[in-house]
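What follows is a short report on a single structure.
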Amino acid sequence: MKQYTISALVANKSGVLTRVSSLFSRRGYNIDSLSVCTTEDPAISRMTIVLNGDDYILAQMMKQMDKLIDVIKIKHVETEAVYRELLLAKVRTDGATRSEVFELSQIFRAKIVDVSPEATILELTGKPVKLDGFVNMLRPYGLLELARTGVTAISRGLSCIKDEADYKEKI
């Protein structure tokens with residue numbers, strides 16, 4: 001199985017996220033990561049979906065999503081893209097381990113966003129593989145809570161999912 005990233009421009013209105021996620025669940029496919037936000041145009045949202053499968057599954061899901069009325073444009077994000085994810089991790093710390101966690105945060109370029117006598121909250125953005133490595137290094141200290149935003153991606157250079165002619169007619 002291979003991991004694929006789909007980027008879709010969708011109408012920014014209620015129910016769109018439900019319709020897209022239902023499409024995956026009805027076909028028995030799991031969404032590994034889902035990130036949705038408003039774009040530079042407030043009428044449009046960008047949906048970034050990461051799924052595992054093969055080329056057939058990717059093609060099927062893209063065709064099915066493209067049939068939905070609220071999906072304006074859809075694109076398979078190739079490897080020539082910038083991928084990022086945000087992680088917040090709460091780690092058990094005390095006087096003895098706080099400096100070790102601080103050193104680890106510097107190595108990964110994580111920010112310490114909160115410190116209490118018994119815990120430290122760290123923030124890190126980067127590629128998912130970097131975040132996975134950071135989490136593995138934090139585990140021995142005692143992960144109390146972990147929150148990840150999911151992957152968001154955008155193609156490098158002038159390659160763009162947005163084409164004015166395509167999406168203005170569908171809104």
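Residues are referred to by chain and number: the chain letter is A, B, ... according to the order shown in the structure tokens, the number counts from 1 in that chain, and ligands are numbered separately from 1 in the order shown.
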
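Every protein, DNA or RNA residue with an atom at most 10 Å from range 28-42 of chain A, where only C-alpha atoms count and chain neighbours fewer than 6 positions away do not, is listed here: Gln3, Tyr4, Thr5, Ile6, Ser7, Ala8, Leu9, Val10, Ala11, Asn12, Leu17, Ser21, Ser22, Thr48, Ile49, Val50, Leu51, Asn52, Gly53, Ile57, Met61, Glu85, Arg148, Thr149, Gly150, Val151, Thr152 and Ala153 of chain A.
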
Could you write out the selected residues, including N, CA and C atoms, as a PDB file, in the first residue's frame?
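Here's the written file result00.pdb:
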```
ATOM      1  N   GLN A   3       0.956   5.670   0.180  1.00  0.00           N
ATOM      2  CA  GLN A   3       0.225   6.808   0.730  1.00  0.00           C
ATOM      3  C   GLN A   3       0.055   7.876  -0.355  1.00  0.00           C
ATOM      4  N   TYR A   4      -1.163   8.388  -0.491  1.00  0.00           N
ATOM      5  CA  TYR A   4      -1.489   9.395  -1.494  1.00  0.00           C
ATOM      6  C   TYR A   4      -2.069  10.620  -0.804  1.00  0.00           C
ATOM      7  N   THR A   5      -1.819  11.784  -1.400  1.00  0.00           N
ATOM      8  CA  THR A   5      -2.380  13.029  -0.902  1.00  0.00           C
ATOM      9  C   THR A   5      -3.245  13.638  -1.994  1.00  0.00           C
ATOM     10  N   ILE A   6      -4.468  13.981  -1.614  1.00  0.00           N
ATOM     11  CA  ILE A   6      -5.422  14.610  -2.519  1.00  0.00           C
ATOM     12  C   ILE A   6      -5.687  16.013  -2.001  1.00  0.00           C
ATOM     13  N   SER A   7      -5.658  16.982  -2.894  1.00  0.00           N
ATOM     14  CA  SER A   7      -6.007  18.350  -2.541  1.00  0.00           C
ATOM     15  C   SER A   7      -7.256  18.705  -3.331  1.00  0.00           C
ATOM     16  N   ALA A   8      -8.244  19.242  -2.653  1.00  0.00           N
ATOM     17  CA  ALA A   8      -9.492  19.586  -3.328  1.00  0.00           C
ATOM     18  C   ALA A   8      -9.946  20.974  -2.912  1.00  0.00           C
ATOM     19  N   LEU A   9     -10.429  21.721  -3.876  1.00  0.00           N
ATOM     20  CA  LEU A   9     -11.097  22.980  -3.587  1.00  0.00           C
ATOM     21  C   LEU A   9     -12.580  22.671  -3.542  1.00  0.00           C
ATOM     22  N   VAL A  10     -13.219  23.062  -2.453  1.00  0.00           N
ATOM     23  CA  VAL A  10     -14.638  22.761  -2.251  1.00  0.00           C
ATOM     24  C   VAL A  10     -15.369  24.026  -1.847  1.00  0.00           C
ATOM     25  N   ALA A  11     -16.664  24.018  -2.041  1.00  0.00           N
ATOM     26  CA  ALA A  11     -17.485  25.144  -1.602  1.00  0.00           C
ATOM     27  C   ALA A  11     -17.404  25.248  -0.079  1.00  0.00           C
ATOM     28  N   ASN A  12     -17.242  26.443   0.418  1.00  0.00           N
ATOM     29  CA  ASN A  12     -17.134  26.674   1.850  1.00  0.00           C
ATOM     30  C   ASN A  12     -18.541  26.842   2.434  1.00  0.00           C
ATOM     31  N   LEU A  17     -17.952  18.758   4.196  1.00  0.00           N
ATOM     32  CA  LEU A  17     -17.017  17.837   4.845  1.00  0.00           C
ATOM     33  C   LEU A  17     -17.695  16.494   5.120  1.00  0.00           C
ATOM     34  N   SER A  21     -16.375  12.936   3.552  1.00  0.00           N
ATOM     35  CA  SER A  21     -15.938  11.849   4.441  1.00  0.00           C
ATOM     36  C   SER A  21     -16.866  10.642   4.337  1.00  0.00           C
ATOM     37  N   SER A  22     -18.148  10.863   4.126  1.00  0.00           N
ATOM     38  CA  SER A  22     -19.102   9.755   3.945  1.00  0.00           C
ATOM     39  C   SER A  22     -18.792   8.962   2.685  1.00  0.00           C
ATOM     40  N   THR A  48      -7.344  18.821   2.305  1.00  0.00           N
ATOM     41  CA  THR A  48      -6.194  17.967   2.044  1.00  0.00           C
ATOM     42  C   THR A  48      -6.466  16.620   2.698  1.00  0.00           C
ATOM     43  N   ILE A  49      -6.487  15.566   1.894  1.00  0.00           N
ATOM     44  CA  ILE A  49      -6.817  14.222   2.373  1.00  0.00           C
ATOM     45  C   ILE A  49      -5.639  13.295   2.090  1.00  0.00           C
ATOM     46  N   VAL A  50      -5.210  12.565   3.110  1.00  0.00           N
ATOM     47  CA  VAL A  50      -4.168  11.561   2.941  1.00  0.00           C
ATOM     48  C   VAL A  50      -4.823  10.199   3.129  1.00  0.00           C
ATOM     49  N   LEU A  51      -4.587   9.287   2.157  1.00  0.00           N
ATOM     50  CA  LEU A  51      -5.156   7.950   2.245  1.00  0.00           C
ATOM     51  C   LEU A  51      -4.128   6.920   1.804  1.00  0.00           C
ATOM     52  N   ASN A  52      -4.284   5.696   2.287  1.00  0.00           N
ATOM     53  CA  ASN A  52      -3.449   4.571   1.872  1.00  0.00           C
ATOM     54  C   ASN A  52      -4.213   3.745   0.862  1.00  0.00           C
ATOM     55  N   GLY A  53      -3.503   3.220  -0.127  1.00  0.00           N
ATOM     56  CA  GLY A  53      -4.149   2.384  -1.124  1.00  0.00           C
ATOM     57  C   GLY A  53      -3.229   2.157  -2.293  1.00  0.00           C
ATOM     58  N   ILE A  57      -7.436   2.666  -6.196  1.00  0.00           N
ATOM     59  CA  ILE A  57      -8.207   3.316  -5.128  1.00  0.00           C
ATOM     60  C   ILE A  57      -8.128   4.830  -5.265  1.00  0.00           C
ATOM     61  N   MET A  61     -11.430   7.172  -5.898  1.00  0.00           N
ATOM     62  CA  MET A  61     -11.844   8.194  -4.939  1.00  0.00           C
ATOM     63  C   MET A  61     -11.843   9.579  -5.570  1.00  0.00           C
ATOM     64  N   GLU A  85       2.657  19.674   8.883  1.00  0.00           N
ATOM     65  CA  GLU A  85       1.699  19.264   9.902  1.00  0.00           C
ATOM     66  C   GLU A  85       2.100  19.950  11.198  1.00  0.00           C
ATOM     67  N   ARG A 148      -2.452  16.381  16.726  1.00  0.00           N
ATOM     68  CA  ARG A 148      -1.857  16.675  15.432  1.00  0.00           C
ATOM     69  C   ARG A 148      -2.941  17.206  14.501  1.00  0.00           C
ATOM     70  N   THR A 149      -2.577  18.171  13.677  1.00  0.00           N
ATOM     71  CA  THR A 149      -3.565  18.798  12.800  1.00  0.00           C
ATOM     72  C   THR A 149      -3.905  17.961  11.588  1.00  0.00           C
ATOM     73  N   GLY A 150      -3.003  17.107  11.177  1.00  0.00           N
ATOM     74  CA  GLY A 150      -3.162  16.427   9.900  1.00  0.00           C
ATOM     75  C   GLY A 150      -2.343  17.169   8.860  1.00  0.00           C
ATOM     76  N   VAL A 151      -2.049  16.494   7.791  1.00  0.00           N
ATOM     77  CA  VAL A 151      -1.174  17.032   6.756  1.00  0.00           C
ATOM     78  C   VAL A 151      -1.895  18.088   5.930  1.00  0.00           C
ATOM     79  N   THR A 152      -1.176  19.123   5.596  1.00  0.00           N
ATOM     80  CA  THR A 152      -1.634  20.070   4.589  1.00  0.00           C
ATOM     81  C   THR A 152      -0.511  20.185   3.574  1.00  0.00           C
ATOM     82  N   ALA A 153      -0.861  20.357   2.315  1.00  0.00           N
ATOM     83  CA  ALA A 153       0.146  20.349   1.259  1.00  0.00           C
ATOM     84  C   ALA A 153      -0.212  21.351   0.180  1.00  0.00           C
TER      85      ALA A 153
END
```

*For Ala110 in chain A, list every protein, DNA or RNA residue within 12 Å, evaluated using only C-alpha atoms, and leave out those in the same chain fewer than 3 positions away; present the list as number ranges by chain.*
A: 86-89, 101-107, 113, 120-126, 130-131, 134-135, 138

Could you write out the selected residues, including C-alpha atoms, as a compact mmCIF listing (two decimals), in the first residue's frame?
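So result-v8.txt came out as:
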```
# COMPACT_ATOMS: atom_id res chain seq x y z
CA LEU A 86 1.38 20.83 13.36
CA LEU A 87 1.92 18.85 16.57
CA LEU A 88 1.20 19.76 20.17
CA ALA A 89 2.60 17.36 22.75
CA VAL A 101 13.18 17.71 27.04
CA PHE A 102 14.36 21.29 26.40
CA GLU A 103 17.50 19.99 24.61
CA LEU A 104 15.40 17.60 22.55
CA SER A 105 13.09 20.47 21.55
CA GLN A 106 16.10 22.46 20.33
CA ILE A 107 17.34 19.55 18.19
CA VAL A 113 4.62 26.86 24.62
CA THR A 120 5.71 20.80 29.40
CA ILE A 121 3.77 21.49 26.20
CA LEU A 122 5.75 21.57 22.96
CA GLU A 123 4.77 22.73 19.47
CA LEU A 124 6.39 21.47 16.29
CA THR A 125 5.64 21.92 12.60
CA GLY A 126 7.19 19.99 9.76
CA LYS A 130 9.82 14.54 11.41
CA LEU A 131 6.88 14.74 13.80
CA PHE A 134 9.92 13.69 17.64
CA VAL A 135 7.04 11.78 19.22
CA LEU A 138 9.37 12.05 23.70
```

*Write out as number ranges by chain all residues of range 8-166 of chain A that DSSP puts in alpha helix (DSSP H) for this structure's backbone.*
A: 16-26, 55-67, 98-108, 128-138, 164-166

*CA of Asp70 in chain A to CA of Asp54 in chain A, distance in Å rounded to a single decimal*: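 The value is 25.4 Å.
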
*asked:* If you run DSSP on the backbone here, which positions in chain A get strand (DSSP E)? Please write them as a ChimeraX atom specification.
replied: /A:2-11,31-38,44-53,71-77,81-92,111-115,119-126,143-148,152-155

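Proximity ranking of A:Met1, A:Val16, A:Ala119, A:Val129 relative to Leu58 in chain A places A:Met1 first, based on only C-alpha atoms.
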
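Between Lys73 in chain A and the residues A:Val91, A:Ile44, A:Leu23, A:Ala59, the shortest atom-to-atom distance, using only C-alpha atoms, involves A:Ile44.
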
*Straight-line distance linking CA of Thr18 in chain A with CA of Gln60 in chain A, stated in Å to one decimal*: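 Computing the Euclidean distance for CA of Thr18 in chain A and CA of Gln60 in chain A yields 18.5 Å.
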
*Compile the contact shell of Gly157 in chain A as a list of chain:residue names: residues with an atom at most 12 Å away, counting only C-alpha atoms, same-chain residues fewer than 6 positions apart removed.*
A:Glu80, A:Ala81, A:Val82

_Interatomic distance (Å, one decimal) between CA of Asp132 in chain A and CA of Gly95 in chain A_ =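 Separation of CA of Asp132 in chain A and CA of Gly95 in chain A: 25.7 Å.
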